[in-house]
Every structure is written in structure tokens, then in C-alpha cells.
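Visitor: I have a structure here, written as C-alpha cells, and I will follow up with some questions on it.
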Amino acid sequence: DTGVSQNPRHKITKRGQNVTFRCDPISEHNRLYWYRQTLGQGPEFLTYFQNEAQLEKSRLLSDRFSAERPKGSFSTLEIQRTEQGDSAMYLCASSTGLAEYNEQFFGPGTRLTVL
Amino acid sequence: AQKITQTQPGMFVQEKEAVTLDCTYDTSDPSYGLFWYKQPSSGEMIFLIYQGSYDQQNATEGRYSLNFQKARKSANLVISASQLGDSAMYFCAIDAGANNLFFGTGTRLTVIP
């Protein structure tokens, strides 16, 4: 499989619990992005990595959210003390950053439901 | 700051007909790129077509073409010969050098047999 993969695909948790999502980008892609998509909206940018360095973070990324990409390959997104407002689809994307345009390839997403 | 406006929450098209999905944008950056993505019910965002701000010609990719009017800041997607599999959400997005894509709210396209 040469596409972006995300695990788990679905996660149901109770308010206050911690959750962690994983993203495996396309192997030769050095850029990795996390987006959040709520119902009826387009994806909203959360954070961006170039290799293992986290270079940008959105204001949407509160201190309960943390993302890592320790070896410049896969990435994890952790949400601590989940709230019902965190219920959303979390999308990961990757790109080479070298093409004429920075086409981002998206994974299937992780749908989080906080009860 | 960037802004994408998609004013059509939903559109219907007869199978085999053409349909235009509207997108207007706003950015202060002189160099930018405009993207269209398709999101079927499975959730994955599928890249369709790209238009650079300095491209002289409208982009085309198979049945997809982009009607780019820079002065009007519009980048409408035209889908020709609609197929049932085209039923999905369609998002317009802009990349203005901010290392991320800024998306509109999308248009839900339904193709009628």
C-alpha cells in the first residue's frame, strides 16, 4: 500500500480520557500535516512537520493536543482530557514539498467520537 | 490571511451532463495555488486539479477543468459528462505559501441517474 494510512479509523471515548492517533505517510514524503474536520465544514489545519521538526501549529491546537514525528516517518496526535467538542474527523496528509505545487495526499482519517 | 467561499451547499446534475462548482477566494499573497479535492462518503480527500496563480492557461485533468478568472478571484470547477461515482463533497482550497491548505465549506454534488 503506497498511500497515507491512519489508525484507528474510528475511536469512541468518554470525556476526560486521552486518545492517540497514528499516521503513516507515503514513505518518501518529508512533509506531514494534521487537519481536523467537523461536520459540515472543510478540513482545518492543525500542525505541520518537515521531517521530525514541527514547524507550524494552528491556534486550534490547544495545550491538550500534542503531535510528534520522532523519526521523521510516522506521526502521532494525542488529545488529553478529551472534550465533546473534540469530536471530529482527524485527517493526516503528506507531501514531498519538491513538486511544482505542494500536492498533499490525504489518509482516510480517524473519526473521533467523545461521549 | 486566506479565505475560500463556496456558496453552493448542494448541487444536482443529471448523469452525463456537465456541472460547475463555484469557488471564490481572497488572499494578499501574489503567489498562490488553488486546489480542488473530492471527498466521498468514505472520508478520504482525493486530489482532483491544481491551478497556480501565474498559470496562463486553465488547468485540465481528464473530465475536470478549472475556470480560473484571476481578476474576479474565482476558480470554478467544471466536471464534464457526470458519472454516478462523482456524487461526493467537493472542496476548494488555497495554498498561499503557509505550508498548509485553507479549505472552503464544500459543495455536495449529487448525480441523478
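A note on labels: chains of the C-alpha cells are A, B, ... as shown, every chain counts residues from 1, and ligands are counted from 1 in their shown order.
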Taking only C-alpha atoms into account, what are the residues of chain A at most 12 Å from chain B, put as a PyMOL selection string?

Guide: chain A and resi 3-6+9-10+31-50+54-58+88-97+100-111

Visitor: Would you mind listing what lies within 8 Å of Asp26 in chain B as JSON, numbers by chain, with only C-alpha atoms counted and same-chain residues fewer than 6 positions away left out?

Guide: {"B": [2, 3, 4, 73]}

Visitor: Rounded to one decimal, what separation in Å do you get between CA of Cys23 in chain B and CA of Val111 in chain B?

Guide: 19.4 Å

Visitor: Extract, using only C-alpha atoms, all DNA, RNA and protein residues at most 10 Å from Gln69 in chain B, discarding same-chain residues fewer than 4 positions from it, and format them as JSON, numbers by chain.

Guide: {"B": [24, 53, 58, 73, 74, 75, 76]}

Visitor: Using N, CA and C atoms, can you write the selected residues to a file as an mmCIF file, in the first residue's frame?

Guide:
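Now in result_5.cif:
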```cif
data_model
loop_
_atom_site.group_PDB
_atom_site.id
_atom_site.type_symbol
_atom_site.label_atom_id
_atom_site.label_comp_id
_atom_site.auth_asym_id
_atom_site.auth_seq_id
_atom_site.Cartn_x
_atom_site.Cartn_y
_atom_site.Cartn_z
ATOM 1 N N THR B 24 -14.793 31.127 -4.866
ATOM 2 C CA THR B 24 -14.094 32.411 -4.887
ATOM 3 C C THR B 24 -13.117 32.426 -3.728
ATOM 4 N N SER B 53 -1.292 30.535 -9.511
ATOM 5 C CA SER B 53 -1.730 31.915 -9.751
ATOM 6 C C SER B 53 -1.077 32.536 -10.975
ATOM 7 N N ASN B 58 -5.996 27.665 -18.219
ATOM 8 C CA ASN B 58 -6.812 26.956 -17.257
ATOM 9 C C ASN B 58 -6.367 25.497 -17.176
ATOM 10 N N LYS B 73 -11.073 36.689 -8.908
ATOM 11 C CA LYS B 73 -10.701 35.802 -7.805
ATOM 12 C C LYS B 73 -11.670 34.620 -7.713
ATOM 13 N N SER B 74 -11.863 33.991 -8.868
ATOM 14 C CA SER B 74 -12.708 32.802 -8.861
ATOM 15 C C SER B 74 -11.977 31.635 -9.508
ATOM 16 N N ALA B 75 -12.275 30.451 -9.048
ATOM 17 C CA ALA B 75 -11.627 29.228 -9.531
ATOM 18 C C ALA B 75 -12.674 28.120 -9.538
ATOM 19 N N ASN B 76 -13.567 28.196 -10.488
ATOM 20 C CA ASN B 76 -14.682 27.252 -10.527
ATOM 21 C C ASN B 76 -14.255 25.927 -11.145
#
```

Visitor: Measuring atom to atom with only C-alpha atoms, identify which of B:Gln57, B:Ser82, B:Ser87, B:Ile94 is nearest to Gln14 in chain B.

Guide: B:Ser82

Visitor: Which residues come within 9 Å of Gln83 in chain B, counting only C-alpha atoms, excluding same-chain residues fewer than 5 positions away, as number ranges by chain?

Guide: B: 14-17, 111-113

Visitor: Just how far from CA of Glu68 in chain A is CA of Phe21 in chain A, in Å to one decimal?

Guide: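 Taking CA of Phe21 in chain A and CA of Glu68 in chain A, their separation equals 10.6 Å.
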
Visitor: Name all residues at most 7 Å from range 71-81 of chain A (count only C-alpha atoms; drop same-chain ones fewer than 3 positions away) and give them as a ChimeraX atom specification.

Guide: /A:15-25,51-52,64-68

Visitor: Go ahead and write the selection's residues with all heavy atoms as a compact mmCIF listing (two decimals), in the first residue's frame.

Guide:
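The resulting file, again31.txt, is reproduced below:
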```txt
# COMPACT_ATOMS: atom_id res chain seq x y z
N ARG A 15 -15.54 11.36 27.73
CA ARG A 15 -14.98 12.66 28.06
C ARG A 15 -13.98 12.53 29.19
O ARG A 15 -14.22 11.83 30.18
CB ARG A 15 -16.12 13.60 28.46
CG ARG A 15 -15.73 15.04 28.65
CD ARG A 15 -16.95 15.88 28.97
NE ARG A 15 -17.70 15.33 30.10
CZ ARG A 15 -18.88 15.77 30.50
NH1 ARG A 15 -19.47 16.75 29.84
NH2 ARG A 15 -19.49 15.23 31.53
N GLY A 16 -12.83 13.19 29.00
CA GLY A 16 -11.79 13.16 30.02
C GLY A 16 -10.69 12.14 29.76
O GLY A 16 -9.63 12.22 30.39
N GLN A 17 -10.95 11.21 28.85
CA GLN A 17 -9.93 10.22 28.53
C GLN A 17 -8.93 10.78 27.51
O GLN A 17 -9.21 11.74 26.81
CB GLN A 17 -10.59 8.96 27.94
CG GLN A 17 -11.53 8.26 28.90
CD GLN A 17 -10.80 7.70 30.10
OE1 GLN A 17 -9.85 6.93 29.94
NE2 GLN A 17 -11.24 8.07 31.28
N ASN A 18 -7.76 10.15 27.46
CA ASN A 18 -6.75 10.51 26.48
C ASN A 18 -6.85 9.58 25.27
O ASN A 18 -7.16 8.39 25.43
CB ASN A 18 -5.35 10.39 27.08
CG ASN A 18 -5.14 11.33 28.26
OD1 ASN A 18 -5.90 12.28 28.46
ND2 ASN A 18 -4.12 11.06 29.05
N VAL A 19 -6.60 10.12 24.09
CA VAL A 19 -6.60 9.29 22.88
C VAL A 19 -5.36 9.63 22.06
O VAL A 19 -4.83 10.74 22.11
CB VAL A 19 -7.85 9.52 22.01
CG1 VAL A 19 -9.10 9.03 22.74
CG2 VAL A 19 -8.00 10.97 21.60
N THR A 20 -4.90 8.64 21.30
CA THR A 20 -3.74 8.83 20.42
C THR A 20 -4.04 8.24 19.07
O THR A 20 -4.53 7.11 18.97
CB THR A 20 -2.48 8.17 21.00
OG1 THR A 20 -2.19 8.74 22.27
CG2 THR A 20 -1.28 8.39 20.07
N PHE A 21 -3.74 9.01 18.03
CA PHE A 21 -3.93 8.57 16.66
C PHE A 21 -2.57 8.46 15.98
O PHE A 21 -1.66 9.22 16.28
CB PHE A 21 -4.79 9.56 15.86
CG PHE A 21 -6.06 9.96 16.54
CD1 PHE A 21 -6.51 11.28 16.49
CD2 PHE A 21 -6.83 9.04 17.23
CE1 PHE A 21 -7.68 11.66 17.11
CE2 PHE A 21 -8.01 9.41 17.86
CZ PHE A 21 -8.43 10.73 17.81
N ARG A 22 -2.50 7.56 15.02
CA ARG A 22 -1.25 7.38 14.29
C ARG A 22 -1.45 7.65 12.81
O ARG A 22 -2.49 7.31 12.24
CB ARG A 22 -0.71 5.96 14.49
CG ARG A 22 0.55 5.66 13.68
CD ARG A 22 1.08 4.29 13.92
NE ARG A 22 2.13 3.94 12.97
CZ ARG A 22 3.34 3.51 13.33
NH1 ARG A 22 3.62 3.33 14.62
NH2 ARG A 22 4.23 3.21 12.41
N CYS A 23 -0.43 8.23 12.18
CA CYS A 23 -0.44 8.47 10.74
C CYS A 23 0.86 7.96 10.15
O CYS A 23 1.95 8.31 10.64
CB CYS A 23 -0.59 9.97 10.44
SG CYS A 23 -0.33 10.39 8.70
N ASP A 24 0.77 7.15 9.12
CA ASP A 24 1.93 6.71 8.36
C ASP A 24 1.88 7.37 6.98
O ASP A 24 1.01 7.02 6.17
CB ASP A 24 1.96 5.20 8.24
CG ASP A 24 2.33 4.52 9.54
OD1 ASP A 24 1.41 4.23 10.34
OD2 ASP A 24 3.53 4.33 9.76
N PRO A 25 2.79 8.28 6.71
CA PRO A 25 2.74 8.99 5.41
C PRO A 25 3.31 8.12 4.30
O PRO A 25 3.83 7.03 4.54
CB PRO A 25 3.65 10.19 5.67
CG PRO A 25 4.66 9.68 6.65
CD PRO A 25 3.91 8.72 7.54
N ASN A 51 10.14 16.70 8.06
CA ASN A 51 10.89 15.62 8.71
C ASN A 51 10.43 15.51 10.16
O ASN A 51 9.24 15.41 10.40
CB ASN A 51 12.39 15.86 8.56
CG ASN A 51 12.80 15.88 7.10
OD1 ASN A 51 12.44 14.99 6.34
ND2 ASN A 51 13.53 16.91 6.71
N GLU A 52 11.34 15.57 11.14
CA GLU A 52 10.90 15.41 12.53
C GLU A 52 10.59 16.73 13.20
O GLU A 52 10.11 16.76 14.34
CB GLU A 52 11.97 14.66 13.33
CG GLU A 52 13.29 15.41 13.51
CD GLU A 52 14.23 15.20 12.33
OE1 GLU A 52 13.80 14.66 11.29
OE2 GLU A 52 15.41 15.60 12.45
N ARG A 64 -4.02 20.85 25.09
CA ARG A 64 -4.39 19.45 25.30
C ARG A 64 -3.97 18.56 24.12
O ARG A 64 -4.04 17.34 24.21
CB ARG A 64 -5.91 19.33 25.50
CG ARG A 64 -6.43 20.02 26.74
CD ARG A 64 -7.93 19.77 26.93
NE ARG A 64 -8.72 20.30 25.82
CZ ARG A 64 -9.27 19.53 24.87
NH1 ARG A 64 -9.13 18.21 24.90
NH2 ARG A 64 -9.98 20.09 23.91
N PHE A 65 -3.58 19.20 23.04
CA PHE A 65 -3.18 18.48 21.84
C PHE A 65 -1.65 18.48 21.74
O PHE A 65 -1.01 19.50 21.95
CB PHE A 65 -3.73 19.18 20.59
CG PHE A 65 -5.21 19.02 20.39
CD1 PHE A 65 -6.12 19.65 21.24
CD2 PHE A 65 -5.71 18.27 19.33
CE1 PHE A 65 -7.49 19.51 21.04
CE2 PHE A 65 -7.07 18.14 19.13
CZ PHE A 65 -7.96 18.76 19.97
N SER A 66 -1.11 17.33 21.39
CA SER A 66 0.32 17.28 21.10
C SER A 66 0.56 16.33 19.94
O SER A 66 -0.08 15.28 19.83
CB SER A 66 1.11 16.84 22.34
OG SER A 66 0.74 15.53 22.70
N ALA A 67 1.46 16.71 19.07
CA ALA A 67 1.79 15.89 17.91
C ALA A 67 3.29 15.68 17.88
O ALA A 67 4.06 16.57 18.26
CB ALA A 67 1.31 16.56 16.62
N GLU A 68 3.67 14.49 17.43
CA GLU A 68 5.09 14.16 17.32
C GLU A 68 5.36 13.43 16.03
O GLU A 68 4.48 12.77 15.48
CB GLU A 68 5.52 13.26 18.50
CG GLU A 68 5.47 13.90 19.85
CD GLU A 68 5.96 12.96 20.95
OE1 GLU A 68 6.03 11.74 20.70
OE2 GLU A 68 6.28 13.45 22.03
```

Visitor: Would you please work out which residue, of A:His29, A:Pro70, A:Thr13, A:Leu61, is nearest to Val114 in chain A when using only C-alpha atoms?

Guide: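 The shortest atom-to-atom distance to Val114 in chain A comes from A:Thr13.
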
Visitor: What is the CA of Gly85 in chain B-CA of Tyr64 in chain B distance in Å, reported with one decimal?

Guide: 13.7 Å

Visitor: Choose the residue, out of B:Val19, B:Ala96, B:Ser28, B:Ala81, that has the smallest atom-to-atom separation from Leu66 in chain B; count only C-alpha atoms.

Guide: B:Val19

Visitor: Can you list, as number ranges by chain, all residues belonging to chain B that DSSP tags as strand (DSSP E)?

Guide: B: 3-5, 10-14, 19-21, 24-26, 33-39, 46-52, 60-61, 64-69, 74-79, 88-95, 102-103, 107-112
